[in-house]
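Enquirer: One structure, pasted below without further comment.
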There are 2 protein chains.
Amino acid sequence: METEKLIAAARGAEEADLVFRNANLVNVFSNEVYLTDVAIVEDRVAGIGPGYKGRQEIDLGGRYLCPGYIDAHVHIESSMVPPREFARVVIPHGVTTVVSDPHEIANVLGLEGIRFMLQDAKYGPLGMFVDAPSCVPATNMETSGSQLEFYDLATLLNNPWVIGLGEVMNYPGVVYGDRRVLQKIKAYEGKPIDGHAPGVRGTELNAYIAAGVGSDHECVDLDEAMEKLRRGMTIFIREATGAKNLAALQGLFTPATIDRVCLCTDDRHPHDLIDHGSVNFIIRSAIANGADPLLAIRAATLNPARYFGLNDRGAIAPGRRADLLVFSDLRNPQPEMVYYGGKLAAQNGQMMQWEQPSQNTKARGSINVRLDKLNFNIPAASGQVRVIEAIADQLVTNSLVMPALVEDGMAIADPSRDLAKLAVVERHFGTGNVGLGFIKGLGLKQGAIAGTVAHDHHNIVVAGIDDASMALAVKEIVAMQGGMVVVGPHGVLATLPLPIAGLMSDKPIGVVRQQYDALIAALKPLGCALEDPFMALSFMALPVIPSLKLTDLGLVDVEKFSLTNLFV
Amino acid sequence: METEKLIAAARGAEEADLVFRNANLVNVFSNEVYLTDVAIVEDRVAGIGPGYKGRQEIDLGGRYLCPGYIDAHVHIESSMVPPREFARVVIPHGVTTVVSDPHEIANVLGLEGIRFMLQDAKYGPLGMFVDAPSCVPATNMETSGSQLEFYDLATLLNNPWVIGLGEVMNYPGVVYGDRRVLQKIKAYEGKPIDGHAPGVRGTELNAYIAAGVGSDHECVDLDEAMEKLRRGMTIFIREATGAKNLAALQGLFTPATIDRVCLCTDDRHPHDLIDHGSVNFIIRSAIANGADPLLAIRAATLNPARYFGLNDRGAIAPGRRADLLVFSDLRNPQPEMVYYGGKLAAQNGQMMQWEQPSQNTKARGSINVRLDKLNFNIPAASGQVRVIEAIADQLVTNSLVMPALVEDGMAIADPSRDLAKLAVVERHFGTGNVGLGFIKGLGLKQGAIAGTVAHDHHNIVVAGIDDASMALAVKEIVAMQGGMVVVGPHGVLATLPLPIAGLMSDKPIGVVRQQYDALIAALKPLGCALEDPFMALSFMALPVIPSLKLTDLGLVDVEKFSLTNLFV
């Protein structure tokens, strides 16, 4: 908008587009709530207080007017839908801005994947900013679809929507001065550098911060969070589908510490997003746990805006974006109206009709598998095999050694001991790589399950009782160009197609949720010890979380940070 | 410094240069004080906590270690010494960073003046940042030495020491959408835009903020400050030599509001700087008035660092600059040691020897006066003249109409009615312009006083009882290439040479103070109703402060914002 027009409206010399009367303004600058009027022109707040007339006027009758929420760190891919559809689910919950780290799609499609996300976000009623993914691939013990060095990330620097460097998960690399990691931090000097430093403390923490990392969203207790906060980090309190830290960090909602606290969702699955929402849920939970509502709201508005330098939002003030929520209960804020850039975007939990340009974004196909090379045979080299043990509700695994069940010279699954075969099939370059091993704890009695969501390289991970079922599962995934599948003794039982990079659906999120539920339901008769075996499976191939993991290159002893033999 | 070296020291793998043991750390992130160790390598803090060894170790035995203070807004020219010497006086008081607005020298020497300040600051133990002066000249009713448009200011944008746009004093220009003012704001978009909006409230304030102005240091009461703070402004509490707002704004030192409060000195004369210091004095006064010491300190450390995006300072944290103070009493902090970039810069109020490079900075001569055209005659056009009335301790004046004392057809001074002649002699371009008028309230009985500090154009302002004394005063000023002078019936009584742009001395600040005191003392026998007539004189030519002022172009009716006739 023209500054002149904004100023004229702010001065009261020109009619505003919209005036809220009798709004109980949630003021995140002064930590107050008070009755006033707020005038909007185009996408901006023009003025606060008396003296305005609007083409449209809405008497809020004392309802609260609050700045739109900001999610400080989210991997949108975990919602299994692309940004435009993601917007449709979070906007009704009051989230008007997110800082996304597209490192999942970047591991598949590299810079093209990041551009896809940016492009797709343009057309939704959501301000989606991007942190450039700093750790693609996660390790060199896997084949990911892309490798991003500092010179690749630097090509994003001039994009106004790219505001920082995404979570620097390679904290040993930082602490021990790995050149390639430091180059990336250097390239993003002066911008926010987000951290990921679970349990890093003391001198290692000092080194990590001295390198320039400014935030962390991996704190699991107050003591860890306070150590990081005292050293200048901004603490993102995370409530993800798989990792929930609010209860442990509730003590950060104090006047002395709130200033350095943001809220984030990190990874949220469709059912969580639909049923509970995003950071709105964290705000409500924090208040329910006793937090001052103004402090909880500030942690998802002004604080992230300031941390990321997004000075055009995060508060209701002259010149800032009119990203606004209306709710009736400050102690349990449920957005009744959500405005994005001065335009009503959602009402009573329902997304409004939102103009969609005809241009569609499209990601290129990402499944390149040599089906002719697919072979799950494991010739028995000895009688003892290493086995990954899945643990309910945890991403870490145990590393076991068990006697192999050998048939015709081949080690095979043994459902009687809850031992399934596990394979990771490379799907980016058609290398034919297949990593093979065994997994205990899935509870699978027959058939196979497979999926293309496999952090962070997102190859095809498949677990099964017999090779034929596993092969069918992989073929089904290839046929649908990515997704998840359950195969029973008589064939395919359920599928969730994820044609966008093998990570996201092109269907509405409600459909995705139903398909996901159908997968879980189809699994039940096959035996299933875990509540969400697909989520468990998606972390079996991530070789940065202890103890034993499997990639397309083979078994990884995470403690030794090296590949290891299946047979002992 | 190399990041690798910093990280290695932070990790504890390499010896630090300096370790403070048993420091009571003033933590401005968590608003706490606690005992710990702090390790320094080169100019940076490497780490906090146990695990460090240093080539030098200092046991503070529980004394406080506090981040260096930041003055959020200062015109260094008011100290009458250039940055390098200014540093010598503020560093012992604990001020390690200042954000300066060199608009005085810019009115004289334009961009060259700003470059002089930047150049001179390089060699001092003080981080001097610059806000580009937004209002040079202040009005078009004066001849200043320079005019800076947006394209001039834009040439400073790539200088890393230029961090924002200086106080936008032309608030009517902003509020009413003046194109030239908005162009300057636009040129500095994304950087801090500092404000100056005395008494601006309501819709005009909304317009001023909507245009992008982020701070204000002109609040004179809490109600005004809170209105501005609630709209998102950062409030700089100012304690200048001539304008003191701390007492009125003491109420801002609360946990709910402190986050948006900084401290600044704006204009401080040598005696104030030497005797009381800079923002350290505001901190001590605020604490004495009842403020929590941690909140007061935060307003002069973390807060200005954050407001100005100076993320390398403002707190004691890994990777930040080792700008540090040591003091013994948190309730009355008196810096015993001051470190600038890890190096001891001052001890017990005394500046340490500091390496001075041989290169000297020099400003070009700035006095261009047509002495041949100097003529203070005022032919009497009528019997009634407008008279400027000076008011003790105020910058505003009254506008009077009085009968003229006429001799030989000329209106002359009339000491019996405390009526002196006032003249403003253009000194930048040798135009020969002389603005003439009368002033009441100085108490001058004979002789003349003159000076080249005359806000903001800094022409020669001279008041006297007879034309010969006035001419002698101007000649003396020309001879010393700028400064202040007292002329008695028998010639020059005292001088303070200010050869740098007619604003600053090339002598130590202690000498300047003595010279200033000598001026005041010399004035006493001539009659003097004001405590500091030179300060009063320096504002008699500033046509943005009501009611009647005089420039080289003539009398200005400030309320009408136009030139007016001397004779009624």
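Residues are named by chain letter and number: chains run A, B, ... in the order of the structure tokens, numbers start at 1 in each chain, and ligands are numbered from 1 in the order shown.
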Could you write out as a ChimeraX atom specification the residues of chain A within 8 Å of chain B, counting only C-alpha atoms?

Expert: /A:3-4,6-12,27,29-31,46-51,175-177,202-212,229-232,255-257,259-260,315-320

Enquirer: Using backbone DSSP assignments, extract all strand (DSSP E) residues from region 79-195 of chain B; output them as number ranges by chain.

Expert: B: 95-100, 127-132, 162-168, 193-195

Enquirer: Which residues are near Ile297 (chain A)? Cut-off 8 Å, only C-alpha atoms, ignore same chain within fewer than 2 positions. Put them as JSON, numbers by chain.

Expert: {"A": [28, 69, 283, 293, 294, 295, 299, 300, 301]}

Enquirer: Selection from above, C-alpha atoms, as a PDB file, in the first residue's frame, can you write it?

Expert:
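Final output, again-v3.pdb:
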ATOM      1  CA  VAL A  28       1.395  -7.057  23.655  1.00  0.00           C
ATOM      2  CA  TYR A  69      -0.496 -15.923  16.031  1.00  0.00           C
ATOM      3  CA  ILE A 283      -1.542 -20.827  24.185  1.00  0.00           C
ATOM      4  CA  PRO A 293      -2.941 -15.050  29.066  1.00  0.00           C
ATOM      5  CA  LEU A 294      -1.082 -11.900  28.030  1.00  0.00           C
ATOM      6  CA  LEU A 295       2.282 -13.599  28.452  1.00  0.00           C
ATOM      7  CA  ALA A 299       5.033 -15.654  23.132  1.00  0.00           C
ATOM      8  CA  ALA A 300       3.175 -16.345  19.884  1.00  0.00           C
ATOM      9  CA  THR A 301       2.890 -12.783  18.567  1.00  0.00           C
TER      10      THR A 301
END

Enquirer: Please identify all polymer residues within 12 Å of Ala345 (chain B), counting only C-alpha atoms, omitting same-chain residues fewer than 5 positions from it, and present them as JSON, numbers by chain.

Expert: {"B": [68, 87, 88, 89, 90, 91, 92, 93, 94, 95, 96, 124, 125, 126, 322, 323, 324, 325, 326, 335, 336, 337, 338, 339, 340, 350, 351, 352, 353, 354, 355]}

Enquirer: Would you mind exporting the chosen residues as a compact mmCIF listing (two decimals), in the first residue's frame, restricted to C-alpha atoms?

Expert:
# COMPACT_ATOMS: atom_id res chain seq x y z
CA GLY B 68 28.70 -2.02 28.94
CA ALA B 87 35.05 8.53 24.31
CA ARG B 88 37.67 9.45 26.89
CA VAL B 89 35.06 11.05 29.10
CA VAL B 90 32.20 8.54 28.78
CA ILE B 91 34.20 5.30 28.87
CA PRO B 92 35.22 5.71 32.54
CA HIS B 93 31.50 6.09 33.26
CA GLY B 94 30.83 2.70 31.70
CA VAL B 95 29.41 3.79 28.35
CA THR B 96 30.90 1.54 25.68
CA GLY B 124 38.57 5.61 20.30
CA PRO B 125 37.59 2.89 22.75
CA LEU B 126 33.93 3.43 22.06
CA ALA B 322 33.39 -8.19 25.82
CA ASP B 323 32.25 -4.65 26.64
CA LEU B 324 32.03 -5.01 30.40
CA LEU B 325 31.86 -3.08 33.66
CA VAL B 326 32.87 -4.10 37.14
CA PRO B 335 32.26 1.46 37.34
CA GLU B 336 35.60 0.45 38.87
CA MET B 337 36.83 -1.23 35.71
CA VAL B 338 35.53 -0.80 32.18
CA TYR B 339 36.47 -3.23 29.41
CA TYR B 340 36.03 -2.36 25.78
CA GLN B 350 40.45 7.14 34.79
CA MET B 351 40.90 6.35 31.15
CA MET B 352 43.75 3.91 30.46
CA GLN B 353 46.42 4.59 27.90
CA TRP B 354 44.78 3.71 24.61
CA GLU B 355 46.63 3.13 21.40

Enquirer: Enumerate the residues of region 199-228 of chain A with a DSSP assignment of alpha helix (DSSP H), computed from the backbone, and present them as a compact mmCIF listing (two decimals) with C-alpha atoms, in the first residue's frame.

Expert:
# COMPACT_ATOMS: atom_id res chain seq x y z
CA GLY A 202 27.91 -26.17 29.62
CA THR A 203 30.94 -25.36 27.51
CA GLU A 204 29.50 -27.11 24.45
CA LEU A 205 26.44 -24.91 24.72
CA ASN A 206 28.69 -21.83 24.99
CA ALA A 207 30.47 -22.89 21.80
CA TYR A 208 27.19 -23.53 19.99
CA ILE A 209 25.91 -20.06 20.93
CA ALA A 210 29.23 -18.34 20.26
CA LEU A 222 13.20 -25.99 32.78
CA ASP A 223 16.77 -26.27 33.95
CA GLU A 224 18.01 -26.83 30.40
CA ALA A 225 15.81 -24.05 29.08
CA MET A 226 17.01 -21.58 31.71
CA GLU A 227 20.65 -22.38 31.01
CA LYS A 228 20.07 -21.62 27.35

Enquirer: Skipping near chain neighbours, those fewer than 6 positions away, what residues fall within 9 Å of Ala450 (chain A) using only C-alpha atoms, listed as a PyMOL selection string?

Expert: chain A and resi 460-464+470+473-474+477+483-487+534+537

Enquirer: Quick check, in Å to one decimal: how far apart do CA of Leu60 (chain B) and CA of Phe20 (chain B) lie?

Expert: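 These two atoms are separated by 6.5 Å.
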
Enquirer: Would you mind reading off the distance between CA of Gln334 (chain A) and CA of Arg63 (chain A), one decimal, in Å?

Expert: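 Taking CA of Gln334 (chain A) as the start and CA of Arg63 (chain A) as the end point, the length is 11.4 Å.
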
Enquirer: Can you tell me which residues surround Leu530 (chain B) at a distance of at most 10 Å, considering only C-alpha atoms, apart from same-chain residues fewer than 4 positions away, and format the answer as a PyMOL selection string?

Expert: chain B and resi 390-393+441-444+524+534-536

Enquirer: Show which residues sit within 9 Å of region 159-170 of chain A, as a count of residues only. Count only C-alpha atoms, and ignore same-chain residues fewer than 5 positions away.

Expert: 40

Enquirer: Would you please work out which residue, of A:Pro333, A:Gly314, A:Gly447, A:Gly349, is nearest to Thr97 (chain A) when using only C-alpha atoms?

Expert: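 Nearest to Thr97 (chain A): A:Gly314.
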